[in-house]
>>> print(open('final-v7.cif').read())   # mmCIF, C-alpha atoms and all ligand atoms
data_structure
#
loop_
_atom_site.group_PDB
_atom_site.id
_atom_site.type_symbol
_atom_site.label_atom_id
_atom_site.label_comp_id
_atom_site.auth_asym_id
_atom_site.auth_seq_id
_atom_site.Cartn_x
_atom_site.Cartn_y
_atom_site.Cartn_z
ATOM 1 C CA MET K 1 -16.846 47.198 191.408
ATOM 2 C CA GLU K 2 -19.518 49.011 193.368
ATOM 3 C CA LEU K 3 -16.858 50.592 195.520
ATOM 4 C CA SER K 4 -14.847 51.813 192.544
ATOM 5 C CA ARG K 5 -17.905 53.331 190.890
ATOM 6 C CA ARG K 6 -18.851 55.149 194.066
ATOM 7 C CA ARG K 7 -15.308 56.322 194.465
ATOM 8 C CA LEU K 8 -15.191 57.721 190.956
ATOM 9 C CA LEU K 9 -18.511 59.468 191.426
ATOM 10 C CA ALA K 10 -17.419 60.890 194.758
ATOM 11 C CA ALA K 11 -14.160 62.079 193.273
ATOM 12 C CA ALA K 12 -15.893 63.625 190.265
ATOM 13 C CA GLY K 13 -18.471 65.392 192.432
ATOM 14 C CA SER K 14 -16.003 66.740 194.920
ATOM 15 C CA CYS K 15 -13.637 68.027 192.221
ATOM 16 C CA LEU K 16 -16.026 70.857 191.494
ATOM 17 C CA ALA K 17 -16.948 71.758 195.025
ATOM 18 C CA LEU K 18 -13.846 71.170 197.120
ATOM 19 C CA PRO K 19 -10.465 72.454 196.034
ATOM 20 C CA VAL K 20 -8.979 71.262 199.342
ATOM 21 C CA LEU K 21 -5.373 71.944 198.443
ATOM 22 C CA PRO K 22 -5.463 74.731 195.879
ATOM 23 C CA ALA K 23 -1.864 74.042 194.846
ATOM 24 C CA LEU K 24 -2.878 70.632 193.531
ATOM 25 C CA ALA K 25 -4.628 70.041 190.244
ATOM 26 C CA GLN K 26 -7.532 68.020 191.590
ATOM 27 C CA ASP K 27 -9.363 67.356 194.807
ATOM 28 C CA PRO K 28 -7.458 64.577 196.527
ATOM 29 C CA VAL K 29 -10.351 63.531 198.820
ATOM 30 C CA SER K 30 -12.533 60.593 197.805
ATOM 31 C CA GLU K 31 -15.269 58.591 199.513
ATOM 32 C CA VAL K 32 -13.950 55.037 199.266
ATOM 33 C CA ALA K 33 -16.995 53.561 201.067
ATOM 34 C CA PRO K 34 -20.097 55.276 202.429
ATOM 35 C CA GLY K 35 -18.910 57.550 205.231
ATOM 36 C CA LEU K 36 -15.212 56.651 204.845
ATOM 37 C CA PHE K 37 -13.132 59.306 203.106
ATOM 38 C CA VAL K 38 -9.472 59.224 202.132
ATOM 39 C CA ARG K 39 -7.259 62.200 201.358
ATOM 40 C CA HIS K 40 -4.838 60.823 198.835
ATOM 41 C CA GLY K 41 -1.200 61.712 199.548
ATOM 42 C CA ILE K 42 1.123 62.290 196.629
ATOM 43 C CA ASP K 43 4.170 60.128 195.967
ATOM 44 C CA GLN K 44 6.807 62.696 196.824
ATOM 45 C CA ASP K 45 8.945 63.544 199.804
ATOM 46 C CA ALA K 46 7.908 66.608 201.789
ATOM 47 C CA ASN K 47 8.636 69.938 200.107
ATOM 48 C CA LYS K 48 7.468 73.518 200.288
ATOM 49 C CA ALA K 49 5.012 73.171 197.420
ATOM 50 C CA ASN K 50 3.276 70.002 198.648
ATOM 51 C CA ARG K 51 3.138 71.136 202.316
ATOM 52 C CA ASP K 52 3.964 67.569 203.346
ATOM 53 C CA ALA K 53 0.570 66.384 202.102
ATOM 54 C CA ILE K 54 2.195 63.125 201.099
ATOM 55 C CA ALA K 55 0.464 60.501 203.279
ATOM 56 C CA ASN K 56 -3.019 59.084 202.881
ATOM 57 C CA LEU K 57 -5.279 60.494 205.611
ATOM 58 C CA ALA K 58 -8.745 59.174 206.421
ATOM 59 C CA PHE K 59 -11.886 60.283 208.198
ATOM 60 C CA VAL K 60 -15.002 58.355 209.127
ATOM 61 C CA ILE K 61 -18.367 60.015 209.666
ATOM 62 C CA GLY K 62 -20.704 58.280 212.124
ATOM 63 C CA ARG K 63 -24.185 59.352 213.263
ATOM 64 C CA GLN K 64 -22.858 61.474 216.137
ATOM 65 C CA ALA K 65 -19.213 62.193 215.493
ATOM 66 C CA VAL K 66 -16.252 62.051 213.154
ATOM 67 C CA ALA K 67 -12.925 60.272 213.650
ATOM 68 C CA VAL K 68 -9.818 61.367 211.801
ATOM 69 C CA ILE K 69 -7.182 58.755 211.111
ATOM 70 C CA ASP K 70 -3.946 60.717 210.811
ATOM 71 C CA PRO K 71 -4.356 64.502 210.962
ATOM 72 C CA GLY K 72 -1.837 65.408 208.249
ATOM 73 C CA GLY K 73 1.770 66.281 207.571
ATOM 74 C CA SER K 74 1.831 69.949 208.562
ATOM 75 C CA ARG K 75 -0.417 72.604 210.061
ATOM 76 C CA ALA K 76 -1.488 73.595 206.523
ATOM 77 C CA ASP K 77 -2.191 69.986 205.594
ATOM 78 C CA GLY K 78 -4.271 69.509 208.774
ATOM 79 C CA GLU K 79 -6.227 72.693 208.062
ATOM 80 C CA ALA K 80 -6.998 71.488 204.552
ATOM 81 C CA LEU K 81 -8.203 68.185 205.962
ATOM 82 C CA ARG K 82 -10.364 69.980 208.540
ATOM 83 C CA SER K 83 -11.944 72.032 205.712
ATOM 84 C CA ALA K 84 -12.593 68.885 203.692
ATOM 85 C CA ILE K 85 -14.438 67.386 206.676
ATOM 86 C CA ALA K 86 -16.433 70.585 207.308
ATOM 87 C CA ALA K 87 -17.560 70.561 203.682
ATOM 88 C CA ARG K 88 -19.114 67.139 204.223
ATOM 89 C CA THR K 89 -20.548 67.209 207.739
ATOM 90 C CA ASN K 90 -21.271 69.526 210.665
ATOM 91 C CA LEU K 91 -20.645 66.725 213.167
ATOM 92 C CA PRO K 92 -17.722 67.308 215.533
ATOM 93 C CA VAL K 93 -14.357 65.609 215.196
ATOM 94 C CA ARG K 94 -14.223 63.760 218.519
ATOM 95 C CA TRP K 95 -11.246 61.500 217.857
ATOM 96 C CA VAL K 96 -7.953 61.970 216.085
ATOM 97 C CA VAL K 97 -6.222 58.617 215.739
ATOM 98 C CA MET K 98 -2.521 58.644 214.959
ATOM 99 C CA THR K 99 -1.334 55.481 213.191
ATOM 100 C CA HIS K 100 2.309 56.211 214.145
ATOM 101 C CA GLY K 101 4.672 59.095 214.836
ATOM 102 C CA HIS K 102 6.119 59.968 211.424
ATOM 103 C CA PRO K 103 5.793 63.674 210.580
ATOM 104 C CA ASP K 104 3.784 63.251 207.377
ATOM 105 C CA HIS K 105 1.012 61.605 209.446
ATOM 106 C CA VAL K 106 0.886 63.674 212.637
ATOM 107 C CA PHE K 107 1.977 67.289 212.178
ATOM 108 C CA GLY K 108 -1.505 68.400 211.146
ATOM 109 C CA ALA K 109 -2.777 67.785 214.711
ATOM 110 C CA GLU K 110 -2.843 71.470 215.590
ATOM 111 C CA ALA K 111 -5.670 72.133 213.128
ATOM 112 C CA PHE K 112 -7.985 69.981 215.263
ATOM 113 C CA LEU K 113 -7.106 71.383 218.698
ATOM 114 C CA PRO K 114 -9.894 74.039 218.856
ATOM 115 C CA GLU K 115 -12.629 71.377 219.029
ATOM 116 C CA LYS K 116 -10.752 69.407 221.692
ATOM 117 C CA PRO K 117 -10.900 65.895 220.270
ATOM 118 C CA THR K 118 -9.341 62.930 222.031
ATOM 119 C CA PHE K 119 -6.001 62.119 220.430
ATOM 120 C CA VAL K 120 -5.452 58.374 220.258
ATOM 121 C CA GLY K 121 -2.230 56.454 219.723
ATOM 122 C CA HIS K 122 -0.189 53.358 220.450
ATOM 123 C CA ALA K 123 0.928 53.006 224.064
ATOM 124 C CA ARG K 124 4.511 53.632 222.930
ATOM 125 C CA LEU K 125 3.696 56.684 220.794
ATOM 126 C CA PRO K 126 4.317 59.241 223.587
ATOM 127 C CA GLU K 127 7.837 57.844 223.960
ATOM 128 C CA VAL K 128 8.459 58.155 220.209
ATOM 129 C CA LEU K 129 7.098 61.724 220.063
ATOM 130 C CA ALA K 130 9.056 62.754 223.148
ATOM 131 C CA SER K 131 12.324 61.551 221.663
ATOM 132 C CA ARG K 132 11.780 62.545 218.012
ATOM 133 C CA GLY K 133 9.051 65.210 217.955
ATOM 134 C CA GLU K 134 11.258 68.274 218.249
ATOM 135 C CA TYR K 135 13.788 66.887 215.768
ATOM 136 C CA TYR K 136 10.967 66.264 213.291
ATOM 137 C CA ARG K 137 9.473 69.716 213.901
ATOM 138 C CA GLN K 138 12.726 71.502 213.172
ATOM 139 C CA GLY K 139 13.502 69.379 210.109
ATOM 140 C CA LEU K 140 10.039 69.861 208.670
ATOM 141 C CA GLY K 141 10.134 73.596 209.406
ATOM 142 C CA ARG K 142 13.338 73.877 207.349
ATOM 143 C CA ILE K 143 11.781 71.973 204.443
ATOM 144 C CA LEU K 144 8.533 73.947 204.463
ATOM 145 C CA GLY K 145 10.168 77.288 205.160
ATOM 146 C CA THR K 146 7.641 77.980 207.907
ATOM 147 C CA ASP K 147 6.637 76.766 211.341
ATOM 148 C CA ALA K 148 5.530 73.182 210.716
ATOM 149 C CA GLY K 149 3.040 72.974 213.572
ATOM 150 C CA THR K 150 3.234 70.859 216.665
ATOM 151 C CA VAL K 151 2.619 67.235 217.436
ATOM 152 C CA GLU K 152 -0.002 66.350 219.988
ATOM 153 C CA PRO K 153 0.709 63.566 222.475
ATOM 154 C CA PRO K 154 -2.159 61.055 222.597
ATOM 155 C CA GLY K 155 -4.548 61.345 225.554
ATOM 156 C CA LYS K 156 -5.909 57.846 224.968
ATOM 157 C CA LEU K 157 -3.341 55.077 224.653
ATOM 158 C CA VAL K 158 -3.969 51.728 223.003
ATOM 159 C CA ASP K 159 -2.132 48.681 224.246
ATOM 160 C CA GLY K 160 -3.643 45.671 222.496
ATOM 161 C CA LYS K 161 -7.101 46.510 221.204
ATOM 162 C CA ALA K 162 -9.658 49.295 221.647
ATOM 163 C CA GLU K 163 -12.889 50.504 220.081
ATOM 164 C CA ILE K 164 -14.265 53.901 219.143
ATOM 165 C CA ASP K 165 -18.021 54.336 218.611
ATOM 166 C CA LEU K 166 -19.021 57.210 216.338
ATOM 167 C CA GLY K 167 -22.740 56.451 216.689
ATOM 168 C CA GLY K 168 -23.734 53.477 214.554
ATOM 169 C CA ARG K 169 -20.177 53.209 213.313
ATOM 170 C CA VAL K 170 -17.476 51.374 215.238
ATOM 171 C CA LEU K 171 -13.738 51.553 214.656
ATOM 172 C CA GLU K 172 -11.545 48.743 215.970
ATOM 173 C CA LEU K 173 -8.020 49.798 216.886
ATOM 174 C CA THR K 174 -5.060 47.447 217.188
ATOM 175 C CA ALA K 175 -1.627 48.343 218.586
ATOM 176 C CA HIS K 176 1.144 46.265 217.035
ATOM 177 C CA PRO K 177 4.604 45.165 218.160
ATOM 178 C CA PRO K 178 7.538 47.006 216.455
ATOM 179 C CA ALA K 179 7.173 46.847 212.656
ATOM 180 C CA HIS K 180 7.234 49.926 210.361
ATOM 181 C CA THR K 181 7.957 51.926 213.534
ATOM 182 C CA MET K 182 8.023 51.176 217.255
ATOM 183 C CA ALA K 183 4.392 52.332 217.661
ATOM 184 C CA ASP K 184 2.106 51.282 214.779
ATOM 185 C CA LEU K 185 -1.652 51.319 215.146
ATOM 186 C CA THR K 186 -4.175 50.025 212.597
ATOM 187 C CA VAL K 187 -7.882 50.741 212.360
ATOM 188 C CA ILE K 188 -10.697 48.591 211.006
ATOM 189 C CA ASP K 189 -13.808 50.460 209.954
ATOM 190 C CA VAL K 190 -16.198 47.711 210.980
ATOM 191 C CA GLY K 191 -19.139 49.156 209.051
ATOM 192 C CA ALA K 192 -17.223 49.311 205.786
ATOM 193 C CA GLN K 193 -15.098 46.217 206.547
ATOM 194 C CA ILE K 194 -11.985 48.106 205.483
ATOM 195 C CA LEU K 195 -8.538 48.055 207.067
ATOM 196 C CA ILE K 196 -6.898 51.468 207.480
ATOM 197 C CA ALA K 197 -3.351 50.239 207.626
ATOM 198 C CA GLY K 198 -1.253 53.379 208.118
ATOM 199 C CA ASP K 199 2.322 52.820 207.007
ATOM 200 C CA LEU K 200 2.206 49.104 207.695
ATOM 201 C CA LEU K 201 1.083 49.108 204.055
ATOM 202 C CA PHE K 202 3.006 50.914 201.329
ATOM 203 C CA VAL K 203 1.787 50.470 197.759
ATOM 204 C CA GLY K 204 3.986 51.672 194.900
ATOM 205 C CA ARG K 205 6.189 53.880 197.072
ATOM 206 C CA VAL K 206 9.217 52.229 198.634
ATOM 207 C CA PRO K 207 8.638 51.476 202.341
ATOM 208 C CA SER K 208 10.783 53.038 205.043
ATOM 209 C CA LEU K 209 11.934 50.799 207.849
ATOM 210 C CA ASP K 210 12.049 52.437 211.272
ATOM 211 C CA GLY K 211 11.041 49.655 213.691
ATOM 212 C CA SER K 212 11.714 45.988 213.071
ATOM 213 C CA LEU K 213 12.059 44.152 209.761
ATOM 214 C CA LYS K 214 11.208 40.784 211.265
ATOM 215 C CA GLY K 215 8.367 42.366 213.198
ATOM 216 C CA TRP K 216 6.949 44.040 210.082
ATOM 217 C CA ILE K 217 6.965 40.773 208.123
ATOM 218 C CA ALA K 218 5.115 39.049 210.990
ATOM 219 C CA VAL K 219 2.557 41.848 211.474
ATOM 220 C CA LEU K 220 1.854 41.999 207.745
ATOM 221 C CA ASP K 221 1.286 38.231 207.687
ATOM 222 C CA ASP K 222 -1.235 38.617 210.524
ATOM 223 C CA LEU K 223 -3.011 41.507 208.808
ATOM 224 C CA ALA K 224 -3.135 39.580 205.521
ATOM 225 C CA ARG K 225 -5.183 36.887 207.276
ATOM 226 C CA LEU K 226 -7.932 39.325 208.273
ATOM 227 C CA PRO K 227 -11.162 38.467 206.460
ATOM 228 C CA LEU K 228 -11.380 41.854 204.717
ATOM 229 C CA GLU K 229 -11.467 42.696 201.034
ATOM 230 C CA HIS K 230 -10.104 46.248 200.980
ATOM 231 C CA ALA K 231 -7.489 48.361 202.692
ATOM 232 C CA VAL K 232 -6.368 51.996 202.783
ATOM 233 C CA PRO K 233 -2.554 52.141 202.583
ATOM 234 C CA GLY K 234 -0.484 54.838 204.292
ATOM 235 C CA HIS K 235 1.054 55.575 200.888
ATOM 236 C CA GLY K 236 -0.367 54.535 197.534
ATOM 237 C CA PRO K 237 -3.881 54.543 196.048
ATOM 238 C CA PRO K 238 -6.721 55.534 198.406
ATOM 239 C CA LEU K 239 -8.171 52.022 198.357
ATOM 240 C CA VAL K 240 -6.628 48.683 197.386
ATOM 241 C CA ALA K 241 -7.682 45.033 197.258
ATOM 242 C CA TRP K 242 -6.812 43.086 200.385
ATOM 243 C CA PRO K 243 -4.684 41.077 200.961
ATOM 244 C CA GLU K 244 -3.404 41.113 197.350
ATOM 245 C CA ALA K 245 -2.029 44.649 197.688
ATOM 246 C CA ALA K 246 0.268 43.530 200.506
ATOM 247 C CA LYS K 247 2.122 41.043 198.306
ATOM 248 C CA PRO K 248 4.707 43.393 196.720
ATOM 249 C CA LEU K 249 5.558 44.775 200.185
ATOM 250 C CA GLN K 250 5.817 41.277 201.643
ATOM 251 C CA HIS K 251 8.120 40.379 198.761
ATOM 252 C CA TYR K 252 10.256 43.486 199.298
ATOM 253 C CA LEU K 253 10.609 42.913 203.040
ATOM 254 C CA THR K 254 11.427 39.214 202.806
ATOM 255 C CA ALA K 255 13.959 39.876 200.006
ATOM 256 C CA LEU K 256 15.575 42.554 202.184
ATOM 257 C CA ARG K 257 15.724 40.152 205.135
ATOM 258 C CA ASP K 258 17.142 37.267 203.090
ATOM 259 C CA GLU K 259 19.727 39.342 201.228
ATOM 260 C CA VAL K 260 20.907 41.104 204.373
ATOM 261 C CA LYS K 261 21.229 37.760 206.158
ATOM 262 C CA GLN K 262 23.328 36.391 203.275
ATOM 263 C CA ALA K 263 25.535 39.484 203.241
ATOM 264 C CA ILE K 264 26.114 39.238 206.987
ATOM 265 C CA ALA K 265 26.958 35.534 206.659
ATOM 266 C CA LYS K 266 29.532 36.404 203.963
ATOM 267 C CA ASN K 267 30.963 39.301 205.991
ATOM 268 C CA VAL K 268 30.043 41.837 203.303
ATOM 269 C CA PRO K 269 30.673 45.259 204.862
ATOM 270 C CA LEU K 270 27.652 47.509 205.288
ATOM 271 C CA GLU K 271 29.111 50.185 202.964
ATOM 272 C CA LYS K 272 29.062 47.648 200.130
ATOM 273 C CA ALA K 273 25.741 46.105 201.094
ATOM 274 C CA VAL K 274 23.849 49.402 200.901
ATOM 275 C CA THR K 275 24.600 49.687 197.204
ATOM 276 C CA SER K 276 24.090 46.046 196.251
ATOM 277 C CA ILE K 277 21.146 44.736 198.261
ATOM 278 C CA GLY K 278 17.626 44.797 196.861
ATOM 279 C CA ARG K 279 18.609 45.611 193.277
ATOM 280 C CA GLY K 280 15.868 43.247 192.036
ATOM 281 C CA GLU K 281 13.279 45.510 193.656
ATOM 282 C CA ARG K 282 14.643 48.776 192.272
ATOM 283 C CA GLY K 283 12.345 49.139 189.265
ATOM 284 C CA LYS K 284 9.246 48.294 191.274
ATOM 285 C CA TRP K 285 9.135 51.223 193.723
ATOM 286 C CA LYS K 286 8.995 55.007 193.573
ATOM 287 C CA LEU K 287 11.668 56.830 195.633
ATOM 288 C CA PHE K 288 13.678 53.582 195.878
ATOM 289 C CA ASP K 289 17.078 55.296 195.821
ATOM 290 C CA ASP K 290 16.049 57.726 198.555
ATOM 291 C CA TYR K 291 15.272 55.025 201.111
ATOM 292 C CA GLN K 292 16.995 51.783 200.163
ATOM 293 C CA GLY K 293 20.342 52.585 201.801
ATOM 294 C CA ARG K 294 18.646 53.498 205.051
ATOM 295 C CA ASN K 295 16.484 50.362 204.978
ATOM 296 C CA VAL K 296 19.521 48.147 204.423
ATOM 297 C CA THR K 297 21.331 49.880 207.301
ATOM 298 C CA GLU K 298 18.361 49.351 209.646
ATOM 299 C CA ALA K 299 18.062 45.705 208.605
ATOM 300 C CA TYR K 300 21.808 45.159 209.157
ATOM 301 C CA ARG K 301 21.590 46.572 212.665
ATOM 302 C CA GLU K 302 18.705 44.296 213.502
ATOM 303 C CA LEU K 303 19.921 41.098 211.881
ATOM 304 C CA GLU K 304 23.611 41.138 212.726
ATOM 305 C CA TRP K 305 22.790 39.914 216.244
ATOM 306 C CA ASP K 306 20.737 36.924 215.046
HETATM 307 ZN ZN ZN K 401 5.685 56.155 208.371
#
>>> encode(input="final-v7.cif", output="structure tokens")
Amino acid sequence: MELSRRRLLAAAGSCLALPVLPALAQDPVSEVAPGLFVRHGIDQDANKANRDAIANLAFVIGRQAVAVIDPGGSRADGEALRSAIAARTNLPVRWVVMTHGHPDHVFGAEAFLPEKPTFVGHARLPEVLASRGEYYRQGLGRILGTDAGTVEPPGKLVDGKAEIDLGGRVLELTAHPPAHTMADLTVIDVGAQILIAGDLLFVGRVPSLDGSLKGWIAVLDDLARLPLEHAVPGHGPPLVAWPEAAKPLQHYLTALRDEVKQAIAKNVPLEKAVTSIGRGERGKWKLFDDYQGRNVTEAYRELEWD
């Protein structure tokens, strides 16, 4: 309750002062807990008008420094995020944490380069960016009609767990086995007791599977056991109740696993499965038709060897 009231007040106050993305009707940045801000991404795919500002981005202000969790989906998106931070604090951005390598989360990195922060990522993130970064850059450039920016390989790698101290404010980082992607990292803002889940948590927007279905189900089960009451999803509202908000995603992923397993057992060809699997979930998710076929294909590839 307290959190929601603060959030509303923060959103109302910042509406007047901070038109971060002028193309959008309202300021998408809200303070979801004292010192923890979320830039709310919109539920669309990247396009020229939205500048790929489609993922939730976060920043945490400590006593001595600021950490950004995901720098944005394009150079323009990163610059807007940098301006939103500058409007709230003069402290330097010392860390830019990347929750994974998808373009809507990392292509804003360039906006932070002048102040030389440490870029932080999963130990496998450099591998992902090396193999996909240029492909993403070109694809995004075509969509945006301009140079998309560049991705920044992490200088600090997390394998297991790590901590960042912002001065009186500690962030706990955890690198996960393959799940949403091959290199997912989550952050706990210890002061606020909030999980910043990256794309391990989708709320309302259909998830995209790019790592391991079985792995994602297992990681989500582990995260759901954390003794926390709120989370920031990679896509969805800026703040959600935890672990309740994970339930629809857990349901989606287990239904996908079970239906794909059944289809494989019955020798249903993939071409047929992509149009029939997961129909029960269709009305529950935005952008379902854009991603479901790909998710079924990924799940088939993974589960046909079981
Ligand atoms: Zn993602």
>>> residues_near_ligand(input="final-v7.cif", ligand="ligand ZN 401 (chain K)", cutoff="9 Å", atoms="only C-alpha atoms and all ligand atoms", output="VMD selection string")
chain K and resid 55 99 to 105 180 to 181 184 198 to 200 207 to 210 234 to 235
>>> residues_around(input="final-v7.cif", residues="Asn90 in chain K", least_positions_apart="3", cutoff="12 Å", atoms="all atoms listed in the file", output="PyMOL selection string")
chain K and resi 61-66+82-87+93
>>> resolve_selection(input="final-v7.cif", expression="the PyMOL selection byres (((chain K and resi 191-195) around 12) and not hetatm)", output="PyMOL selection string")
chain K and resi 3+31-38+58+60-62+69+165-174+185-190+196-201+223-234+238-243+245-246
>>> closest_residue(input="final-v7.cif", among="K:Ile164, K:Val158, K:Pro114, K:Tyr252", to="Lys284 in chain K", atoms="all atoms listed in the file")
K:Tyr252
>>> resolve_selection(input="final-v7.cif", expression="the PyMOL selection byres (((chain K and resi 137-149) around 7) and not hetatm)", output="PyMOL selection string")
chain K and resi 47-48+51+74-75+107-108+110+133-136+150-151
>>> resolve_selection(input="final-v7.cif", expression="the PyMOL selection byres (((chain K and resi 71) around 8) and not hetatm)", output="ChimeraX atom specification")
/K:57,68-70,72-73,77-78,81,96-98,105-109,112
>>> residues_around(input="final-v7.cif", residues="Ile217 in chain K", least_positions_apart="5", cutoff="10 Å", atoms="only C-alpha atoms", output="list in words")
Ala179, His180, Leu200, Ser212, Asp222, Leu249, Gln250, His251, Tyr252, Leu253, Thr254 and Arg257 of chain K
>>> build_atoms(input="final-v7.cif", residues="range 92-107 of chain K", atoms="N, CA and C atoms", output="PDB file, in the coordinates of the input")
ATOM      1  N   PRO K  92     -19.036  66.964 214.992  1.00  0.00           N
ATOM      2  CA  PRO K  92     -17.722  67.308 215.533  1.00  0.00           C
ATOM      3  C   PRO K  92     -16.690  66.192 215.328  1.00  0.00           C
ATOM      4  N   VAL K  93     -15.448  66.590 215.186  1.00  0.00           N
ATOM      5  CA  VAL K  93     -14.357  65.609 215.196  1.00  0.00           C
ATOM      6  C   VAL K  93     -14.055  65.309 216.663  1.00  0.00           C
ATOM      7  N   ARG K  94     -14.414  64.112 217.102  1.00  0.00           N
ATOM      8  CA  ARG K  94     -14.223  63.760 218.519  1.00  0.00           C
ATOM      9  C   ARG K  94     -12.949  62.966 218.744  1.00  0.00           C
ATOM     10  N   TRP K  95     -12.455  62.308 217.700  1.00  0.00           N
ATOM     11  CA  TRP K  95     -11.246  61.500 217.857  1.00  0.00           C
ATOM     12  C   TRP K  95     -10.273  61.807 216.722  1.00  0.00           C
ATOM     13  N   VAL K  96      -9.020  61.896 217.078  1.00  0.00           N
ATOM     14  CA  VAL K  96      -7.953  61.970 216.085  1.00  0.00           C
ATOM     15  C   VAL K  96      -6.998  60.812 216.398  1.00  0.00           C
ATOM     16  N   VAL K  97      -7.055  59.802 215.545  1.00  0.00           N
ATOM     17  CA  VAL K  97      -6.222  58.617 215.739  1.00  0.00           C
ATOM     18  C   VAL K  97      -4.921  58.821 214.976  1.00  0.00           C
ATOM     19  N   MET K  98      -3.808  58.531 215.636  1.00  0.00           N
ATOM     20  CA  MET K  98      -2.521  58.644 214.959  1.00  0.00           C
ATOM     21  C   MET K  98      -1.971  57.232 214.742  1.00  0.00           C
ATOM     22  N   THR K  99      -1.761  56.857 213.478  1.00  0.00           N
ATOM     23  CA  THR K  99      -1.334  55.481 213.191  1.00  0.00           C
ATOM     24  C   THR K  99       0.111  55.233 213.609  1.00  0.00           C
ATOM     25  N   HIS K 100       0.921  56.303 213.665  1.00  0.00           N
ATOM     26  CA  HIS K 100       2.309  56.211 214.145  1.00  0.00           C
ATOM     27  C   HIS K 100       2.866  57.629 214.210  1.00  0.00           C
ATOM     28  N   GLY K 101       4.150  57.765 214.538  1.00  0.00           N
ATOM     29  CA  GLY K 101       4.672  59.095 214.836  1.00  0.00           C
ATOM     30  C   GLY K 101       5.397  59.809 213.714  1.00  0.00           C
ATOM     31  N   HIS K 102       5.382  59.292 212.498  1.00  0.00           N
ATOM     32  CA  HIS K 102       6.119  59.968 211.424  1.00  0.00           C
ATOM     33  C   HIS K 102       5.455  61.302 211.065  1.00  0.00           C
ATOM     34  N   PRO K 103       6.300  62.308 210.754  1.00  0.00           N
ATOM     35  CA  PRO K 103       5.793  63.674 210.580  1.00  0.00           C
ATOM     36  C   PRO K 103       4.686  63.811 209.545  1.00  0.00           C
ATOM     37  N   ASP K 104       4.787  63.079 208.439  1.00  0.00           N
ATOM     38  CA  ASP K 104       3.784  63.251 207.377  1.00  0.00           C
ATOM     39  C   ASP K 104       2.392  62.772 207.812  1.00  0.00           C
ATOM     40  N   HIS K 105       2.308  62.094 208.942  1.00  0.00           N
ATOM     41  CA  HIS K 105       1.012  61.605 209.446  1.00  0.00           C
ATOM     42  C   HIS K 105       0.479  62.417 210.621  1.00  0.00           C
ATOM     43  N   VAL K 106       1.362  63.105 211.357  1.00  0.00           N
ATOM     44  CA  VAL K 106       0.886  63.674 212.637  1.00  0.00           C
ATOM     45  C   VAL K 106       1.003  65.188 212.799  1.00  0.00           C
ATOM     46  N   PHE K 107       1.743  65.864 211.913  1.00  0.00           N
ATOM     47  CA  PHE K 107       1.977  67.289 212.178  1.00  0.00           C
ATOM     48  C   PHE K 107       0.783  68.196 211.860  1.00  0.00           C
TER      49      PHE K 107
END
